[in-house]
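> target-v3.csv (CSV, C-alpha atoms and all ligand atoms) pasted underneath:
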```csv
chain,number,residue,atom,x,y,z
N,1,MET,CA,49.2,13.8,-28.7
N,2,ALA,CA,49.1,11.4,-31.6
N,3,GLU,CA,52.3,9.8,-30.4
N,4,VAL,CA,51.0,9.3,-27.0
N,5,VAL,CA,48.0,7.5,-28.4
N,6,GLN,CA,50.1,5.3,-30.6
N,7,ASP,CA,52.4,4.4,-27.7
N,8,ALA,CA,49.5,3.7,-25.5
N,9,GLN,CA,47.7,1.4,-27.9
N,10,PRO,CA,49.6,-1.8,-27.2
N,11,GLU,CA,49.0,-1.2,-23.5
N,12,PHE,CA,45.3,-1.1,-24.1
N,13,TRP,CA,45.1,-4.1,-26.3
N,14,ARG,CA,47.1,-6.4,-24.2
N,15,PRO,CA,45.1,-9.6,-23.7
N,16,PRO,CA,44.0,-10.2,-20.2
N,17,SER,CA,46.6,-12.4,-18.4
N,18,PRO,CA,46.4,-14.7,-16.7
N,19,PRO,CA,43.2,-15.9,-18.3
N,20,VAL,CA,40.2,-16.2,-16.1
N,21,SER,CA,41.2,-19.1,-14.0
N,22,GLU,CA,39.9,-21.3,-11.3
N,23,GLU,CA,40.6,-18.6,-8.8
N,24,VAL,CA,37.5,-16.7,-10.0
N,25,ALA,CA,35.5,-19.8,-10.6
N,26,VAL,CA,36.2,-21.2,-7.2
N,27,ARG,CA,32.9,-21.7,-5.6
N,28,GLU,CA,32.1,-20.6,-2.2
N,29,PRO,CA,31.6,-23.4,0.2
N,30,VAL,CA,28.0,-24.5,-0.2
N,31,PRO,CA,26.3,-23.6,3.1
N,32,SER,CA,24.4,-26.4,4.6
N,33,MET,CA,20.7,-26.0,3.9
N,34,ALA,CA,17.6,-26.6,5.9
N,35,GLU,CA,16.2,-30.1,5.8
N,36,ALA,CA,12.5,-29.2,5.9
N,37,CYS,CA,10.5,-26.3,4.6
N,38,PRO,CA,9.7,-23.8,7.4
N,39,ARG,CA,6.4,-22.9,5.8
N,40,CYS,CA,4.8,-26.2,4.9
N,41,GLY,CA,7.1,-28.7,6.6
N,42,SER,CA,7.7,-30.9,3.7
N,43,GLU,CA,11.2,-32.2,3.2
N,44,PHE,CA,13.4,-30.5,0.6
N,45,LEU,CA,14.6,-32.6,-2.3
N,46,LEU,CA,18.4,-33.2,-2.5
N,47,GLY,CA,20.1,-30.1,-3.8
N,48,SER,CA,16.9,-28.1,-4.4
N,49,HIS,CA,16.8,-24.4,-3.6
N,50,PHE,CA,13.0,-24.2,-3.4
N,51,CYS,CA,10.3,-26.2,-1.8
N,52,HIS,CA,8.6,-28.6,-4.3
N,53,THR,CA,5.3,-28.3,-2.5
N,54,CYS,CA,4.8,-24.6,-1.7
N,55,GLY,CA,7.6,-22.9,-3.7
N,56,ASN,CA,9.1,-21.4,-0.6
N,57,ARG,CA,12.8,-20.5,-0.8
N,58,ARG,CA,15.1,-23.0,1.0
N,59,PRO,CA,16.8,-21.2,3.9
N,60,GLU,CA,20.2,-22.0,5.1
N,61,ALA,CA,20.4,-24.3,8.0
N,62,LEU,CA,21.5,-22.8,11.3
N,63,SER,CA,25.0,-23.8,12.2
N,64,PRO,CA,25.4,-25.6,15.5
N,65,SER,CA,27.0,-22.5,17.1
N,66,ALA,CA,24.2,-20.2,15.9
N,67,ARG,CA,21.6,-22.7,17.1
N,68,ALA,CA,23.3,-22.7,20.5
N,69,ASP,CA,23.3,-18.9,20.6
N,70,ALA,CA,19.6,-18.8,19.7
N,71,ALA,CA,18.9,-21.2,22.5
N,72,VAL,CA,20.9,-19.1,25.0
N,73,ILE,CA,19.1,-15.9,23.9
N,74,ALA,CA,15.7,-17.7,24.2
N,75,GLN,CA,16.5,-18.8,27.7
N,76,VAL,CA,17.6,-15.3,28.8
N,77,TRP,CA,14.4,-13.9,27.3
N,78,GLU,CA,12.3,-16.5,29.1
N,79,GLN,CA,14.0,-15.7,32.4
N,80,GLY,CA,13.6,-12.0,31.9
N,81,VAL,CA,9.9,-12.3,31.1
N,82,HIS,CA,9.5,-14.6,34.2
N,83,ARG,CA,11.2,-12.1,36.4
N,84,VAL,CA,9.2,-9.1,35.2
N,85,ARG,CA,6.0,-11.1,35.6
N,86,GLU,CA,6.9,-12.0,39.2
N,87,PHE,CA,7.8,-8.4,39.9
N,88,VAL,CA,4.5,-7.1,38.6
N,89,ARG,CA,2.6,-9.8,40.5
N,90,GLY,CA,4.5,-8.8,43.7
N,91,ILE,CA,3.3,-5.2,43.5
N,92,PRO,CA,0.3,-4.6,45.8
N,93,TRP,CA,-1.7,-2.8,43.2
N,94,ARG,CA,-4.8,-2.4,45.4
N,95,GLN,CA,-2.8,-0.6,48.1
N,96,ILE,CA,-1.3,2.0,45.9
N,97,LYS,CA,-2.8,5.3,46.4
N,98,PHE,CA,-1.5,8.6,45.1
N,99,PRO,CA,-0.6,10.8,48.0
N,100,SER,CA,-2.4,14.1,48.0
N,101,TRP,CA,0.9,16.0,47.4
N,102,ALA,CA,1.5,14.1,44.2
N,103,LEU,CA,-1.5,15.6,42.5
N,104,PRO,CA,-1.7,19.3,41.8
N,105,SER,CA,-4.6,21.1,43.4
N,106,TRP,CA,-6.3,21.7,40.1
N,107,ALA,CA,-6.3,18.1,39.1
N,108,HIS,CA,-9.7,17.4,40.5
N,109,TYR,CA,-11.1,20.0,38.1
N,110,LEU,CA,-10.3,17.5,35.3
N,111,HIS,CA,-12.7,15.0,36.7
N,112,PHE,CA,-15.7,14.6,34.6
N,113,HIS,CA,-18.3,15.0,37.3
N,114,GLU,CA,-16.6,18.1,38.6
N,115,ILE,CA,-16.8,19.7,35.1
N,116,LYS,CA,-20.4,18.6,34.8
N,117,ASN,CA,-21.2,20.3,38.1
N,118,ARG,CA,-19.4,23.5,37.3
N,119,VAL,CA,-20.7,23.9,33.8
N,120,GLY,CA,-24.2,22.7,34.8
N,121,LEU,CA,-24.8,20.5,31.8
N,122,SER,CA,-26.1,17.0,31.7
N,123,THR,CA,-23.7,14.2,30.7
N,124,GLY,CA,-25.1,13.9,27.1
N,125,SER,CA,-24.9,17.7,26.6
N,126,LEU,CA,-21.4,17.8,27.9
N,127,ILE,CA,-20.2,15.0,25.6
N,128,ALA,CA,-21.9,16.8,22.7
N,129,PHE,CA,-20.3,20.0,23.7
N,130,VAL,CA,-16.8,18.5,23.8
N,131,VAL,CA,-17.4,16.8,20.4
N,132,GLY,CA,-18.5,20.2,19.1
N,133,LEU,CA,-15.4,21.9,20.4
N,134,ALA,CA,-13.3,19.1,18.8
N,135,CYS,CA,-15.0,19.8,15.5
N,136,VAL,CA,-14.3,23.5,15.8
N,137,ALA,CA,-10.7,22.7,16.5
N,138,GLY,CA,-10.7,20.5,13.4
N,139,ALA,CA,-12.1,23.4,11.3
N,140,LEU,CA,-9.3,25.6,12.7
N,141,LEU,CA,-6.6,23.0,12.0
N,142,VAL,CA,-7.8,22.7,8.4
N,143,GLY,CA,-6.6,26.3,8.1
N,144,LEU,CA,-3.0,25.1,8.6
N,145,LEU,CA,-3.2,23.2,5.3
N,146,THR,CA,-1.6,25.1,2.5
N,147,ALA,CA,-3.2,25.0,-0.9
N,148,LYS,CA,-1.0,25.2,-4.0
N,149,THR,CA,-3.7,24.8,-6.6
N,150,TYR,CA,-7.3,26.0,-6.9
N,151,VAL,CA,-8.5,22.4,-6.5
N,152,ASP,CA,-6.6,22.0,-3.3
N,153,TRP,CA,-8.0,25.2,-2.0
N,154,GLN,CA,-11.5,24.1,-2.9
N,155,ALA,CA,-11.0,20.8,-1.1
N,156,ILE,CA,-9.8,22.6,2.0
N,157,GLN,CA,-13.0,24.7,2.0
N,158,PHE,CA,-15.0,21.6,1.8
N,159,TYR,CA,-13.1,20.1,4.8
N,160,ARG,CA,-13.7,23.2,6.8
N,161,ALA,CA,-17.4,23.3,5.9
N,162,GLU,CA,-17.7,19.6,7.0
N,163,TRP,CA,-16.0,20.2,10.3
N,164,LEU,CA,-18.2,23.2,11.0
N,165,LEU,CA,-21.3,21.2,10.0
N,166,GLY,CA,-20.2,18.5,12.5
N,167,ALA,CA,-19.7,21.1,15.2
N,168,THR,CA,-23.2,22.5,14.5
N,169,ALA,CA,-24.7,19.1,14.7
N,170,ALA,CA,-22.9,18.4,18.0
N,171,PHE,CA,-24.0,21.6,19.5
N,172,VAL,CA,-27.6,21.1,18.4
N,173,ALA,CA,-27.5,17.6,19.9
N,174,GLY,CA,-26.1,19.2,23.1
N,175,ILE,CA,-29.1,21.6,23.2
N,176,LEU,CA,-31.5,18.8,22.6
N,177,LEU,CA,-29.9,16.6,25.3
N,178,LYS,CA,-29.9,19.4,27.9
N,179,LYS,CA,-32.2,18.7,30.8
N,180,PRO,CA,-34.6,21.4,31.7
N,181,ALA,CA,-33.2,23.5,34.5
N,182,ARG,CA,-34.3,22.3,38.0
N,183,ASP,CA,-36.0,24.7,40.4
N,184,ASP,CA,-33.1,24.9,42.8
N,185,HIS,CA,-30.9,26.2,39.9
N,186,GLU,CA,-33.2,29.1,39.2
W,201,ZN,ZN,7.1,-25.6,1.5
```
As a first step, turn the structure in this file into C-alpha cells.


Amino acid sequence: MAEVVQDAQPEFWRPPSPPVSEEVAVREPVPSMAEACPRCGSEFLLGSHFCHTCGNRRPEALSPSARADAAVIAQVWEQGVHRVREFVRGIPWRQIKFPSWALPSWAHYLHFHEIKNRVGLSTGSLIAFVVGLACVAGALLVGLLTAKTYVDWQAIQFYRAEWLLGATAAFVAGILLKKPARDDHE
C-alpha cells in the first residue's frame, strides 16, 4: 500500500502543463449591445453594461436575423388576429338560437324564475336561501380539513362556527324578505 502511494506521488504533484494559456483566456466574441435603454430610452455610454440614468441592465442587441424573425412572427400574429376578428364579426350572433333538441328537457328547471315559481319564494328570499345553502356547504367542507395540532383543530372549529353563523344569518334574512303569502296560494 505504502509503495503504491510513493509511486503515485510524482503523478499527483506534476505541475499543470501546459500552463493556463490564451486558450482559456480567449474571450467570447462580445455580442453587440443595444444602443438605447429599453426602460428609460437614454443612450448607453460606450462599453457600459448598465444604464447611467436608471441603472437598467444593458440588453444584447437583436441580431439582424432575429429582428427579421420577430418581424415575420409579428406579421403572422397580426394576420391571425385579423382573421379571427373577421370570422367573429361574420357570425350572425343574433340569429343563433339553440334548437330545442340541444337542451335537455330539465334545463328549464335551472332558470331562476322557474325555481322561484316552484319553491314559492320571493327573489330576495331565494337569494338568501341559496347563500345560506352555500354557507352550510362551507361548514361541511371545513370538515375536510385535517388538524394535526390542537390549535389547528380549534381554528377549524372557529371556521365551522363562522360558516354556520353565516348560514343562520342568511336564512333569517330569507325569512324576513319573504313576502306574505297571497290569497290564491292559500
Ligand atoms: Zn435606463

> Collect all residues with atoms no farther than 10 Å from ligand ZN 201 (chain W), counting only C-alpha atoms and all ligand atoms, and output them as JSON, numbers by chain.

{"N": [36, 37, 38, 39, 40, 41, 42, 43, 44, 50, 51, 52, 53, 54, 55, 56, 57, 58]}

> Write out as a list in words the residues lying within 9 Å of Ala137 (chain N), counting only C-alpha atoms and excluding same-chain residues fewer than 5 positions away.

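So the residues in contact are Gly132, Val142 and Trp163 of chain N.
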
> For a quick check of understanding, using only C-alpha atoms, which of N:Glu78, N:Lys116, N:Leu164, N:Leu121 has the smallest distance to Gly138 (chain N)?

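Among the listed residues, N:Leu164 lies closest to Gly138 (chain N).
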
> When you look at Leu176 (chain N) with a cut-off of 12 Å (counting all atoms listed in the file), what residues show up, excluding the ones that are within fewer than 4 positions of it in the same chain? I need them as a list in words.

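The filter keeps Leu121, Ser122, Gly124, Ser125, Leu126, Ala128, Phe129, Ala169, Ala170, Phe171, Val172 and Pro180 of chain N.
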
> For Leu145 (chain N), which residue out of N:Ser48, N:Arg160, N:Ala66, N:Glu35 is the nearest one, using all atoms listed in the file?

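Counting all atoms listed in the file, the residue closest to Leu145 (chain N) is N:Arg160.
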
> What is the distance between CA of Ile73 (chain N) and CA of Met33 (chain N), in Å to one decimal?

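Spanning CA of Ile73 (chain N) to CA of Met33 (chain N) is a straight-line distance of 22.5 Å.
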
> Give me, please, the distance in Å between CA of Val81 (chain N) and CA of Asp69 (chain N), quoted to one decimal.

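Distance reported for this atom pair: 18.3 Å.
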